[in-house]
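structure.cif, holding mmCIF, C-alpha atoms:
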data_final
loop_
_atom_site.label_atom_id
_atom_site.label_comp_id
_atom_site.auth_asym_id
_atom_site.auth_seq_id
_atom_site.Cartn_x
_atom_site.Cartn_y
_atom_site.Cartn_z
CA HIS Z 133 49.46 64.52 -6.74
CA GLN Z 134 48.29 63.26 -3.38
CA ARG Z 135 45.84 66.14 -3.02
CA THR Z 136 44.35 65.82 -6.52
CA MET Z 137 43.89 62.04 -6.31
CA SER Z 138 41.40 62.25 -3.46
CA TYR Z 139 39.04 64.25 -5.66
CA ASP Z 140 39.02 61.67 -8.44
CA ARG Z 141 36.74 59.19 -6.84
CA ALA Z 142 33.25 60.60 -6.78
CA ILE Z 143 32.87 63.01 -9.66
CA THR Z 144 30.05 64.85 -7.95
CA VAL Z 145 32.78 66.47 -5.93
CA PHE Z 146 34.62 69.61 -7.02
CA SER Z 147 38.32 69.89 -6.25
CA PRO Z 148 39.31 72.90 -4.13
CA ASP Z 149 40.36 74.86 -7.18
CA GLY Z 150 37.08 74.22 -8.98
CA HIS Z 151 38.05 71.30 -11.23
CA LEU Z 152 35.90 68.28 -12.02
CA PHE Z 153 38.76 65.90 -12.51
CA GLN Z 154 36.76 63.02 -13.95
CA VAL Z 155 35.46 65.29 -16.67
CA GLU Z 156 38.98 66.42 -17.47
CA TYR Z 157 40.21 62.84 -17.52
CA ALA Z 158 37.34 62.00 -19.89
CA MET Z 159 38.57 64.76 -22.19
CA GLU Z 160 41.99 63.15 -22.05
CA ALA Z 161 40.35 59.91 -23.21
CA VAL Z 162 38.96 61.87 -26.14
CA ARG Z 163 42.44 63.11 -26.98
CA ARG Z 164 43.66 59.52 -27.08
CA GLY Z 165 40.96 58.69 -29.62
CA SER Z 166 41.33 59.00 -33.36
CA THR Z 167 40.83 62.40 -35.00
CA ALA Z 168 37.51 63.50 -36.45
CA VAL Z 169 37.09 66.62 -38.59
CA GLY Z 170 33.87 68.43 -39.47
CA VAL Z 171 33.57 71.14 -42.15
CA ARG Z 172 30.42 73.11 -42.92
CA GLY Z 173 30.02 73.92 -46.61
CA LYS Z 174 27.45 75.94 -48.52
CA ASP Z 175 24.96 73.09 -48.78
CA CYS Z 176 26.67 70.14 -47.17
CA VAL Z 177 28.53 69.09 -44.05
CA VAL Z 178 31.65 66.95 -44.44
CA LEU Z 179 32.64 64.56 -41.66
CA ALA Z 180 36.05 62.95 -42.00
CA VAL Z 181 37.64 60.57 -39.50
CA GLU Z 182 41.04 59.02 -39.07
CA ARG Z 183 40.96 55.30 -39.59
CA ARG Z 184 43.68 53.89 -37.34
CA ALA Z 185 45.63 50.91 -38.60
CA LEU Z 186 43.63 47.76 -38.06
CA ALA Z 187 44.81 44.31 -37.16
CA LYS Z 188 45.23 42.22 -40.30
CA LEU Z 189 42.62 39.69 -39.22
CA GLN Z 190 40.01 42.35 -38.46
CA ASP Z 191 37.12 43.14 -40.78
CA PRO Z 192 37.26 46.91 -41.41
CA ARG Z 193 33.57 47.14 -42.23
CA THR Z 194 32.65 46.46 -38.63
CA ILE Z 195 34.56 49.49 -37.36
CA ARG Z 196 32.09 52.31 -37.68
CA LYS Z 197 33.17 55.79 -36.68
CA ILE Z 198 30.53 57.69 -38.64
CA VAL Z 199 26.99 56.64 -37.84
CA SER Z 200 23.41 57.67 -38.47
CA VAL Z 201 21.38 58.81 -35.51
CA ASP Z 202 18.27 59.70 -37.46
CA GLU Z 203 17.41 60.15 -41.12
CA ASN Z 204 18.73 63.70 -40.99
CA VAL Z 205 21.45 63.49 -38.35
CA THR Z 206 24.91 61.99 -38.93
CA LEU Z 207 27.41 61.62 -36.10
CA ALA Z 208 31.18 61.20 -35.91
CA PHE Z 209 32.93 60.72 -32.58
CA ALA Z 210 36.35 60.65 -30.96
CA GLY Z 211 37.16 58.64 -27.87
CA LEU Z 212 35.94 55.38 -26.33
CA THR Z 213 34.10 53.38 -29.01
CA ALA Z 214 31.98 51.44 -26.54
CA ASP Z 215 30.83 54.65 -24.82
CA ALA Z 216 29.95 56.04 -28.25
CA ARG Z 217 27.78 53.04 -29.04
CA VAL Z 218 25.77 53.49 -25.85
CA LEU Z 219 25.35 57.24 -26.30
CA VAL Z 220 24.45 56.93 -29.99
CA ASN Z 221 21.81 54.30 -29.22
CA LYS Z 222 20.28 56.56 -26.57
CA ALA Z 223 20.15 59.33 -29.15
CA ARG Z 224 18.51 57.01 -31.67
CA VAL Z 225 15.78 56.04 -29.23
CA GLU Z 226 15.24 59.72 -28.42
CA ALA Z 227 14.94 60.60 -32.11
CA GLN Z 228 12.24 57.96 -32.68
CA SER Z 229 10.51 58.91 -29.46
CA TYR Z 230 10.39 62.53 -30.62
CA ARG Z 231 9.00 61.43 -33.98
CA LEU Z 232 6.33 59.34 -32.25
CA THR Z 233 5.21 62.13 -29.94
CA CYS Z 234 5.61 65.15 -32.19
CA GLU Z 235 4.91 63.63 -35.64
CA ASP Z 236 7.98 65.50 -36.86
CA ALA Z 237 11.72 64.95 -37.15
CA PRO Z 238 13.80 66.37 -34.29
CA SER Z 239 15.92 69.36 -35.24
CA MET Z 240 19.74 69.25 -35.21
CA ASP Z 241 19.71 71.62 -32.27
CA TYR Z 242 17.37 69.34 -30.33
CA MET Z 243 19.55 66.28 -30.91
CA ALA Z 244 22.74 68.14 -30.01
CA ARG Z 245 21.10 69.43 -26.84
CA TYR Z 246 19.85 65.96 -25.97
CA ILE Z 247 23.26 64.35 -26.40
CA ALA Z 248 24.94 67.16 -24.46
CA ARG Z 249 22.31 66.94 -21.71
CA THR Z 250 22.89 63.19 -21.44
CA GLN Z 251 26.66 63.67 -21.22
CA GLN Z 252 26.17 66.29 -18.50
CA LYS Z 253 23.90 64.03 -16.47
CA TYR Z 254 26.76 61.58 -16.11
CA THR Z 255 28.96 64.30 -14.59
CA GLN Z 256 26.56 65.06 -11.78
CA ARG Z 257 25.59 61.70 -10.43
CA GLY Z 258 27.44 59.48 -7.99
CA GLY Z 259 28.74 56.09 -9.01
CA VAL Z 260 28.89 56.73 -12.76
CA ARG Z 261 31.67 58.08 -14.91
CA PRO Z 262 31.31 60.50 -17.81
CA PHE Z 263 31.16 59.29 -21.41
CA GLY Z 264 34.70 59.35 -22.77
CA ILE Z 265 33.68 60.81 -26.10
CA ALA Z 266 33.20 64.05 -27.96
CA THR Z 267 30.82 64.07 -30.91
CA LEU Z 268 30.43 65.99 -34.17
CA LEU Z 269 26.88 66.15 -35.53
CA GLY Z 270 26.25 67.03 -39.17
CA GLY Z 271 22.86 67.92 -40.58
CA PHE Z 272 20.49 70.68 -41.66
CA ASP Z 273 18.28 73.13 -39.81
CA SER Z 274 14.62 73.84 -40.56
CA GLN Z 275 15.61 76.48 -43.14
CA GLY Z 276 17.72 73.97 -45.02
CA ASN Z 277 21.07 75.45 -43.97
CA PRO Z 278 23.87 73.05 -43.05
CA VAL Z 279 24.85 72.94 -39.38
CA LEU Z 280 27.74 71.31 -37.52
CA TYR Z 281 27.43 70.74 -33.77
CA GLN Z 282 29.98 69.52 -31.27
CA THR Z 283 29.46 67.98 -27.82
CA ASP Z 284 32.07 67.07 -25.22
CA PRO Z 285 32.32 65.03 -21.99
CA ALA Z 286 31.47 68.11 -19.91
CA GLY Z 287 28.07 68.21 -21.57
CA THR Z 288 28.47 71.42 -23.53
CA HIS Z 289 27.24 71.73 -27.08
CA SER Z 290 27.95 74.42 -29.66
CA SER Z 291 27.65 75.06 -33.35
CA TRP Z 292 30.79 75.35 -35.51
CA LYS Z 293 31.81 76.33 -39.01
CA ALA Z 294 34.59 73.75 -38.83
CA GLN Z 295 35.87 71.72 -35.93
CA VAL Z 296 38.21 68.92 -35.02
CA ILE Z 297 37.98 66.52 -32.06
CA GLY Z 298 40.23 63.76 -30.84
CA GLY Z 299 43.88 63.11 -31.56
CA ARG Z 300 46.91 64.79 -30.05
CA ASN Z 301 47.04 67.58 -32.59
CA ALA Z 302 43.52 68.93 -32.29
CA LYS Z 303 44.75 72.40 -31.38
CA SER Z 304 47.05 72.81 -34.36
CA LEU Z 305 44.41 71.32 -36.67
CA ARG Z 306 41.89 73.84 -35.41
CA GLU Z 307 44.33 76.62 -36.28
CA PHE Z 308 44.71 75.09 -39.74
CA LEU Z 309 40.94 75.12 -40.18
CA GLU Z 310 40.70 78.69 -38.94
CA LYS Z 311 43.22 79.77 -41.53
CA ASN Z 312 41.65 77.92 -44.43
CA TRP Z 313 37.89 77.82 -43.89
CA LYS Z 314 35.75 80.29 -45.75
CA ASP Z 315 32.06 80.87 -46.03
CA GLY Z 316 30.07 79.18 -48.81
CA LEU Z 317 32.41 76.30 -49.58
CA GLU Z 318 31.28 74.12 -52.48
CA GLU Z 319 31.07 70.39 -51.77
CA GLU Z 320 34.39 69.63 -53.45
CA ASP Z 321 36.19 72.39 -51.56
CA ALA Z 322 34.69 71.37 -48.23
CA VAL Z 323 35.85 67.79 -48.77
CA THR Z 324 39.29 69.01 -49.82
CA LEU Z 325 39.62 71.12 -46.68
CA ALA Z 326 38.57 68.24 -44.43
CA VAL Z 327 40.93 65.79 -46.13
CA ARG Z 328 43.80 68.32 -46.06
CA ALA Z 329 43.27 68.74 -42.32
CA LEU Z 330 43.29 64.99 -41.76
CA LEU Z 331 46.37 64.52 -43.89
CA GLU Z 332 48.26 66.64 -41.38
CA VAL Z 333 47.87 63.83 -38.86
CA VAL Z 334 47.42 60.61 -40.83
CA ASP Z 335 49.60 58.85 -43.35
CA SER Z 336 48.60 59.62 -46.89
CA GLY Z 337 46.09 57.30 -48.52
CA ALA Z 338 42.35 56.65 -48.65
CA LYS Z 339 42.65 53.59 -46.47
CA ASN Z 340 43.62 55.71 -43.48
CA MET Z 341 40.55 57.87 -43.47
CA GLU Z 342 36.79 57.74 -43.88
CA VAL Z 343 34.81 60.61 -45.37
CA CYS Z 344 31.07 61.21 -45.33
CA ILE Z 345 29.28 64.05 -47.09
CA VAL Z 346 26.02 64.87 -45.31
CA LYS Z 347 23.49 66.26 -47.77
CA ASN Z 348 20.02 67.62 -47.19
CA GLY Z 349 17.07 65.27 -47.54
CA SER Z 350 19.03 62.04 -47.77
CA LYS Z 351 16.56 59.95 -45.75
CA SER Z 352 19.02 57.12 -45.41
CA THR Z 353 19.38 54.97 -42.31
CA THR Z 354 23.08 54.53 -42.95
CA PRO Z 355 25.56 57.31 -43.75
CA THR Z 356 26.94 57.45 -47.29
CA ILE Z 357 30.68 56.87 -46.95
CA MET Z 358 32.82 57.99 -49.85
CA ASN Z 359 34.43 55.06 -51.62
CA ASP Z 360 38.19 54.59 -51.62
CA SER Z 361 38.83 55.39 -55.28
CA GLU Z 362 37.04 58.74 -55.10
CA LEU Z 363 38.86 59.58 -51.87
CA ASP Z 364 42.18 58.62 -53.43
CA GLU Z 365 41.52 61.20 -56.14
CA TYR Z 366 41.14 63.94 -53.54
CA VAL Z 367 44.31 62.82 -51.78
CA ALA Z 368 46.26 62.72 -55.04
CA LYS Z 369 45.10 66.20 -55.97
CA ILE Z 370 46.05 67.60 -52.58
CA GLU Z 371 49.49 65.99 -52.72
CA ALA Z 372 50.05 67.37 -56.19
CA GLU Z 373 49.16 70.88 -55.02
CA LYS Z 374 51.52 70.50 -52.08
CA GLU Z 375 54.32 69.48 -54.45
CA GLU Z 376 53.72 72.53 -56.60
CA GLY Z 377 53.72 74.75 -53.55
CA ALA Z 378 56.96 73.26 -52.27
CA SER Z 379 58.79 73.49 -55.59
CA ALA Z 380 57.71 77.06 -56.32
CA VAL Z 381 60.56 79.47 -55.78
CA PRO Z 382 59.71 81.68 -52.80
CA ALA Z 383 59.59 85.40 -53.60
CA ALA Z 384 62.67 87.34 -52.61
CA GLU Z 385 62.23 88.88 -49.13
CA MET U 260 -17.11 48.26 -39.06
CA ASP U 261 -13.77 48.50 -40.83
CA SER U 262 -12.93 46.22 -43.68
CA VAL U 263 -9.40 45.09 -44.38
CA LEU U 264 -8.65 42.81 -47.33
CA ALA U 265 -5.30 41.32 -48.22
CA ILE U 266 -3.98 38.91 -50.83
CA ARG U 267 -0.51 37.44 -51.31
CA TYR U 268 0.58 37.01 -54.90
CA LYS U 269 3.80 35.70 -56.39
CA ASP U 270 6.00 38.78 -55.92
CA GLY U 271 4.18 40.77 -53.28
CA CYS U 272 1.05 41.51 -51.33
CA VAL U 273 -2.00 43.66 -51.96
CA ILE U 274 -3.55 45.22 -48.87
CA ALA U 275 -6.79 47.15 -49.08
CA ALA U 276 -8.90 48.87 -46.43
CA ASP U 277 -11.99 51.02 -46.37
CA GLN U 278 -11.47 54.71 -45.67
CA THR U 279 -14.36 55.48 -43.37
CA ASN U 280 -13.72 56.84 -39.88
CA ALA U 281 -16.96 56.54 -37.92
CA ARG U 282 -18.36 56.05 -34.45
CA SER U 283 -21.93 54.89 -33.82
CA VAL U 284 -24.04 56.78 -36.34
CA LEU U 285 -21.58 59.59 -37.05
CA ALA U 286 -19.04 59.42 -39.89
CA TYR U 287 -16.09 61.72 -39.14
CA GLN U 288 -14.31 61.29 -42.44
CA HIS U 289 -14.24 59.17 -45.58
CA ASN U 290 -10.57 59.54 -46.54
CA LEU U 291 -8.70 57.82 -43.72
CA ASP U 292 -5.65 55.76 -44.64
CA LYS U 293 -5.77 52.58 -42.55
CA VAL U 294 -2.81 50.89 -44.24
CA THR U 295 0.40 51.83 -42.40
CA GLU U 296 3.79 51.44 -44.02
CA LEU U 297 6.47 49.75 -41.91
CA GLY U 298 9.80 50.45 -43.50
CA LYS U 299 10.17 50.02 -47.23
CA HIS U 300 8.82 46.55 -47.85
CA THR U 301 6.00 45.96 -45.43
CA ALA U 302 2.57 47.36 -44.75
CA MET U 303 -0.24 46.57 -42.37
CA GLY U 304 -3.94 47.21 -42.77
CA VAL U 305 -5.38 47.88 -39.31
CA SER U 306 -8.99 47.90 -38.16
CA GLY U 307 -10.47 48.99 -34.85
CA PRO U 308 -11.36 52.18 -32.93
CA ASN U 309 -9.43 55.09 -34.35
CA ALA U 310 -7.52 55.79 -31.14
CA ASP U 311 -6.15 52.26 -30.82
CA MET U 312 -5.53 51.97 -34.54
CA VAL U 313 -3.48 55.16 -34.80
CA ASN U 314 -1.65 54.74 -31.50
CA PHE U 315 -0.75 51.14 -32.27
CA SER U 316 0.31 51.73 -35.89
CA GLU U 317 2.52 54.70 -35.02
CA TYR U 318 4.13 52.83 -32.10
CA ILE U 319 4.93 49.86 -34.31
CA SER U 320 6.25 51.92 -37.23
CA LYS U 321 8.50 54.05 -34.99
CA ASN U 322 9.92 50.93 -33.32
CA MET U 323 10.64 49.43 -36.73
CA ALA U 324 12.49 52.63 -37.67
CA LEU U 325 14.40 52.48 -34.39
CA TYR U 326 15.47 48.90 -35.09
CA GLU U 327 16.78 49.98 -38.48
CA ALA U 328 18.60 52.94 -36.97
CA MET U 329 20.20 50.87 -34.20
CA ASN U 330 21.27 48.11 -36.53
CA HIS U 331 22.96 50.16 -39.21
CA GLY U 332 20.13 49.86 -41.68
CA SER U 333 19.56 46.14 -41.53
CA LYS U 334 15.89 45.33 -41.78
CA LEU U 335 13.71 42.80 -40.06
CA SER U 336 12.17 40.07 -42.17
CA VAL U 337 8.38 40.12 -42.58
CA ASN U 338 8.22 37.07 -40.35
CA ALA U 339 10.19 38.88 -37.64
CA GLN U 340 8.04 41.98 -37.97
CA ALA U 341 4.84 39.98 -37.64
CA HIS U 342 6.18 38.24 -34.56
CA TYR U 343 7.18 41.58 -33.09
CA VAL U 344 3.69 42.99 -33.67
CA ARG U 345 2.20 39.90 -32.09
CA SER U 346 4.44 40.26 -29.05
CA VAL U 347 3.28 43.85 -28.53
CA LEU U 348 -0.35 42.71 -28.73
CA ALA U 349 0.29 39.78 -26.39
CA GLU U 350 2.01 41.90 -23.77
CA ALA U 351 -0.72 44.50 -23.76
CA LEU U 352 -3.46 41.87 -23.79
CA ARG U 353 -3.58 41.33 -20.05
CA LYS U 354 -2.72 44.91 -19.16
CA GLY U 355 -4.56 47.23 -21.53
CA PRO U 356 -5.31 45.49 -24.82
CA TYR U 357 -5.00 47.16 -28.20
CA GLN U 358 -8.38 46.61 -29.85
CA VAL U 359 -6.92 46.21 -33.31
CA ASN U 360 -7.19 43.51 -35.95
CA LEU U 361 -4.75 43.60 -38.80
CA MET U 362 -3.34 42.08 -41.94
CA LEU U 363 0.44 42.46 -42.22
CA GLY U 364 2.03 41.83 -45.59
CA GLY U 365 5.44 42.36 -47.10
CA TYR U 366 8.14 41.27 -49.49
CA ASP U 367 11.41 39.74 -48.26
CA GLU U 368 14.39 40.81 -50.35
CA LYS U 369 16.58 38.00 -49.03
CA THR U 370 14.33 35.07 -49.85
CA LYS U 371 12.55 36.84 -52.71
CA GLU U 372 9.15 35.88 -51.47
CA ALA U 373 5.99 37.58 -50.34
CA ASN U 374 4.55 36.93 -46.91
CA LEU U 375 1.15 37.77 -45.42
CA TYR U 376 0.00 37.42 -41.83
CA PHE U 377 -3.35 37.63 -40.07
CA LEU U 378 -3.23 39.03 -36.52
CA ASP U 379 -6.09 39.84 -34.21
CA TYR U 380 -6.62 41.71 -30.95
CA LEU U 381 -6.14 38.55 -28.88
CA ALA U 382 -2.63 38.28 -30.34
CA SER U 383 -3.34 35.30 -32.54
CA MET U 384 -1.21 35.14 -35.63
CA GLN U 385 -1.37 33.01 -38.74
CA LYS U 386 0.56 33.07 -41.97
CA VAL U 387 -1.96 33.07 -44.80
CA ASN U 388 -2.30 33.46 -48.54
CA PHE U 389 -5.24 35.83 -48.21
CA GLY U 390 -7.42 37.20 -45.43
CA CYS U 391 -9.91 39.77 -44.24
CA GLN U 392 -10.68 41.64 -41.05
CA GLY U 393 -14.11 42.76 -39.97
CA TYR U 394 -17.45 41.82 -41.52
CA ALA U 395 -15.72 41.81 -44.89
CA GLY U 396 -14.66 38.22 -44.25
CA ALA U 397 -18.25 37.01 -44.36
CA PHE U 398 -18.60 38.32 -47.91
CA CYS U 399 -15.10 38.11 -49.31
CA LEU U 400 -13.34 35.05 -47.95
CA SER U 401 -15.35 32.79 -50.21
CA ILE U 402 -14.41 34.90 -53.24
CA MET U 403 -10.74 34.84 -52.28
CA ASP U 404 -10.92 31.13 -51.58
CA ARG U 405 -12.27 30.47 -55.03
CA GLU U 406 -10.07 32.85 -57.00
CA TRP U 407 -6.69 32.69 -55.25
CA LYS U 408 -4.09 30.47 -56.85
CA GLU U 409 -0.40 29.86 -56.46
CA ASP U 410 1.88 32.29 -58.36
CA MET U 411 -0.76 34.92 -59.11
CA THR U 412 0.30 38.09 -60.84
CA LYS U 413 -0.17 41.55 -59.38
CA GLU U 414 -2.96 42.30 -61.85
CA GLU U 415 -4.80 39.10 -60.95
CA ALA U 416 -4.53 39.93 -57.25
CA LEU U 417 -5.81 43.46 -57.84
CA ASP U 418 -8.72 42.02 -59.81
CA VAL U 419 -9.70 39.78 -56.91
CA ILE U 420 -9.56 42.75 -54.55
CA ASP U 421 -11.80 44.70 -56.93
CA HIS U 422 -14.20 41.78 -57.03
CA CYS U 423 -14.29 41.76 -53.21
CA ILE U 424 -14.81 45.52 -52.93
CA GLY U 425 -17.62 45.24 -55.46
CA GLU U 426 -19.28 42.48 -53.44
CA LEU U 427 -19.10 44.56 -50.27
CA GLY U 428 -20.65 47.51 -52.04
CA LYS U 429 -23.49 45.34 -53.26
CA ARG U 430 -24.28 43.17 -50.22
CA PHE U 431 -22.85 44.77 -47.09
CA VAL U 432 -25.48 46.93 -45.39
CA ILE U 433 -22.96 49.51 -44.20
CA ALA U 434 -21.98 51.75 -47.06
CA GLN U 435 -18.23 52.05 -47.52
CA PRO U 436 -17.86 54.54 -50.35
CA ASN U 437 -14.05 54.60 -50.43
CA PHE U 438 -11.28 51.99 -50.34
CA ILE U 439 -7.54 52.49 -50.43
CA VAL U 440 -5.51 49.76 -52.12
CA LYS U 441 -1.75 49.41 -51.59
CA VAL U 442 0.74 47.08 -53.23
CA VAL U 443 3.87 45.88 -51.40
CA ASP U 444 6.61 44.39 -53.56
CA LYS U 445 10.34 44.62 -54.24
CA ASP U 446 9.91 48.27 -55.21
CA GLY U 447 8.35 49.17 -51.90
CA VAL U 448 4.86 50.22 -50.92
CA THR U 449 2.84 51.95 -53.63
CA VAL U 450 -0.71 53.22 -53.56
CA SER U 451 -2.55 51.46 -56.32
CA LYS U 452 -5.69 53.52 -55.92
CA PHE U 453 -7.86 55.25 -53.38
CA GLY U 454 -11.44 56.41 -53.22
CA ALA U 455 -10.51 59.69 -51.51
CA ASP U 456 -7.09 61.28 -51.06
CA PRO U 457 -5.94 60.76 -47.44
CA ASN U 458 -3.86 63.93 -47.71
CA ASP U 459 -6.82 66.04 -48.71
CA ASN U 460 -7.61 68.01 -45.56
#

Have the structure of the file written as structure tokens, please.
Amino acid sequence: HQRTMSYDRAITVFSPDGHLFQVEYAMEAVRRGSTAVGVRGKDCVVLAVERRALAKLQDPRTIRKIVSVDENVTLAFAGLTADARVLVNKARVEAQSYRLTCEDAPSMDYMARYIARTQQKYTQRGGVRPFGIATLLGGFDSQGNPVLYQTDPAGTHSSWKAQVIGGRNAKSLREFLEKNWKDGLEEEDAVTLAVRALLEVVDSGAKNMEVCIVKNGSKSTTPTIMNDSELDEYVAKIEAEKEEGASAVPAAE
Amino acid sequence: MDSVLAIRYKDGCVIAADQTNARSVLAYQHNLDKVTELGKHTAMGVSGPNADMVNFSEYISKNMALYEAMNHGSKLSVNAQAHYVRSVLAEALRKGPYQVNLMLGGYDEKTKEANLYFLDYLASMQKVNFGCQGYAGAFCLSIMDREWKEDMTKEEALDVIDHCIGELGKRFVIAQPNFIVKVVDKDGVTVSKFGADPNDN
């Protein structure tokens, strides 16, 4: 470890084997964060996040993991909450600045590129550390098709059909999504898939997760979070299906 | 040469402005919308050279939207918005002033009351029950003074505005063929009427 530690300090420095250790450590910070799942449906994007157990005296409404960046762009993140606040606010200023200069809303691609570009800047300057967050952006492109973007501490951005960030089980959740995602999911099915994925890592119950369905043309400054009773219905249905699956007699080999 | 008229009534404000865009002896257009909406419950009627008017209005409205975005949808009160506008004017005053005079009116959900402010290019600000910008004041302030009363209805306020517009048409030497009239109340900003459609290009 002696050799690797000397390359931690200034992140503008590569290690001999080509690593940027600060960036990798930032990704570790993301893994320590709570899980966030994004699923692209036929005409919606579902963002679902794990809501970690809060202290009894804490007001849950002040913990926001799904936020609005612009009227058309909703963001969920995994990692350091404080870093997320700073990055989201930068994105919000950029969105308004774009609207002021171009008399038009910024596209999803533009916002994803801006956030990724900002995250990259902090990997190439001395004296700063990268943002310890990965983001999932849900929204619609100029044709009205739903899009889901992801950014990470390295500053890369890419579009996904379904993706999961944060949490220790991201890899296995991604495999779950790969197996179960299909094209043209209706809203209900997209929500079900996202909730099913989350249920693999959180305890059952609406109070342990937060779900937001991003729809086209919402024009709201705050994301519409699904209420607990509706979410409980989804959870109950999924549990019931699991029960049926478990009790069904497997076919003879 | 712009005219802006505004009246506060019991549950909202009426803000009207002429629609002429002109410089010297040339009229560029007669369907300009000089009443900018700031969020859902506030509007400001702005007078001045077109460049300053547009630049200033867009800057203010985008910053209002940014505030809402940053603060999870919570809105500024009309009082706060007026003070913000004044601060922008005051800062620019001794650097590169915005040559705009405006009437800013809105409806506060929280206190359930309407508020109207007069602001000018020197960054003065005054909360008022009614007001005008431009030469219109010389003709209309006396009408408003006479006809405004506490707890007016929307219809009464619109009637006073009509009375003022009529007076301008009769006695003001500069012809202003079109006026746009907007109402700001608990339901938001609605266009009551216009002389020419601003979206008609």

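Residues surrounding segment 346-351 of chain U within 12 Å are Asp311, Phe315, Ser316, Tyr318, Ile319, Asn322, Ala339, Gln340, Tyr357, Gln358, Val359, Asn360, Leu361, Leu378, Asp379, Tyr380, Leu381, Ala382, Ser383 and Met384 of chain U [only C-alpha atoms; sequence separation below 6 positions excluded].
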
*What lies within 6 Å of segment 266-277 of chain U using only C-alpha atoms, ignoring chain neighbours under 4 positions off, as an MDAnalysis selection string?*
chainID U and resid 262 364 366 373 388:389 410:411 437:444

*Excluding Gly298 of chain U and any residue of its chain fewer than 4 positions from it, enumerate the residues within 12 Å of it, using all atoms listed in the file, and give them as an MDAnalysis selection string.*
(chainID Z and resid 351:353) or (chainID U and resid 302:303 317 319:328 332:337 340 364:367 443 446:448)

Selected residues written out, C-alpha atoms, as a short mmCIF file (atom, residue, chain, number, x, y, z; two decimals), in the frame of the given file:
data_model
loop_
_atom_site.label_atom_id
_atom_site.label_comp_id
_atom_site.auth_asym_id
_atom_site.auth_seq_id
_atom_site.Cartn_x
_atom_site.Cartn_y
_atom_site.Cartn_z
CA LYS Z 351 16.56 59.95 -45.75
CA SER Z 352 19.02 57.12 -45.41
CA THR Z 353 19.38 54.97 -42.31
CA ALA U 302 2.57 47.36 -44.75
CA MET U 303 -0.24 46.57 -42.37
CA GLU U 317 2.52 54.70 -35.02
CA ILE U 319 4.93 49.86 -34.31
CA SER U 320 6.25 51.92 -37.23
CA LYS U 321 8.50 54.05 -34.99
CA ASN U 322 9.92 50.93 -33.32
CA MET U 323 10.64 49.43 -36.73
CA ALA U 324 12.49 52.63 -37.67
CA LEU U 325 14.40 52.48 -34.39
CA TYR U 326 15.47 48.90 -35.09
CA GLU U 327 16.78 49.98 -38.48
CA ALA U 328 18.60 52.94 -36.97
CA GLY U 332 20.13 49.86 -41.68
CA SER U 333 19.56 46.14 -41.53
CA LYS U 334 15.89 45.33 -41.78
CA LEU U 335 13.71 42.80 -40.06
CA SER U 336 12.17 40.07 -42.17
CA VAL U 337 8.38 40.12 -42.58
CA GLN U 340 8.04 41.98 -37.97
CA GLY U 364 2.03 41.83 -45.59
CA GLY U 365 5.44 42.36 -47.10
CA TYR U 366 8.14 41.27 -49.49
CA ASP U 367 11.41 39.74 -48.26
CA VAL U 443 3.87 45.88 -51.40
CA ASP U 446 9.91 48.27 -55.21
CA GLY U 447 8.35 49.17 -51.90
CA VAL U 448 4.86 50.22 -50.92
#

*For the structure shown, which residues end up in the PyMOL selection byres ((chain Z) within 7 of (chain U))? Put them as a list in words, please?*
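Applying the PyMOL selection byres ((chain Z) within 7 of (chain U)) to the structure shown produces Ser200, Val201, Asp202, Asn221, Arg224, Val225, Gln228, Leu232, Thr353 and Thr354 of chain Z.
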
Write out the residues from the selection above, keeping C-alpha atoms, as an mmCIF file, in the frame of the given file.
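File written: result_12.cif
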data_model
loop_
_atom_site.group_PDB
_atom_site.id
_atom_site.type_symbol
_atom_site.label_atom_id
_atom_site.label_comp_id
_atom_site.auth_asym_id
_atom_site.auth_seq_id
_atom_site.Cartn_x
_atom_site.Cartn_y
_atom_site.Cartn_z
ATOM 1 C CA SER Z 200 23.410 57.670 -38.470
ATOM 2 C CA VAL Z 201 21.380 58.810 -35.510
ATOM 3 C CA ASP Z 202 18.270 59.700 -37.460
ATOM 4 C CA ASN Z 221 21.810 54.300 -29.220
ATOM 5 C CA ARG Z 224 18.510 57.010 -31.670
ATOM 6 C CA VAL Z 225 15.780 56.040 -29.230
ATOM 7 C CA GLN Z 228 12.240 57.960 -32.680
ATOM 8 C CA LEU Z 232 6.330 59.340 -32.250
ATOM 9 C CA THR Z 353 19.380 54.970 -42.310
ATOM 10 C CA THR Z 354 23.080 54.530 -42.950
#

*asked:* List as a PyMOL selection string the residues having at least one atom at most 6 Å from position (36.8, 58.6, -41.8) as given in the file, counting all atoms listed in the file.
replied: chain Z and resi 180-183+341-343

*Rank U:Tyr394, U:Tyr376, U:Trp407, U:Phe453 by their smallest atom-to-atom distance to Ile433 of chain U, using all atoms listed in the file, and report the top residue only.*
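Of the candidates, the smallest distance to Ile433 of chain U is held by U:Tyr394.
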
*Figure out the distance between atom CA of Tyr242 of chain Z and atom CA of Thr213 of chain Z, please, to one decimal in Å.*
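Calculated distance between atom CA of Thr213 of chain Z and atom CA of Tyr242 of chain Z is 23.2 Å.
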
*Would you list the contacts of segment 457-459 of chain U as a list in words, taking every protein, DNA or RNA residue within 10 Å and counting all atoms listed in the file, but skipping same-chain residues closer than 4 positions in sequence?*
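Non-adjacent residues within range: Gln278, Gln288, His289, Asn290, Leu291, Asp292, Lys293, Ile439 and Phe453 of chain U.
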
*Fewer than 2 positions away in the same chain doesn't count, so skip those; otherwise give me all residues within 6 Å of segment 307-316 of chain Z, counting only C-alpha atoms, as a PyMOL selection string.*
chain Z and resi 173-174+304-305
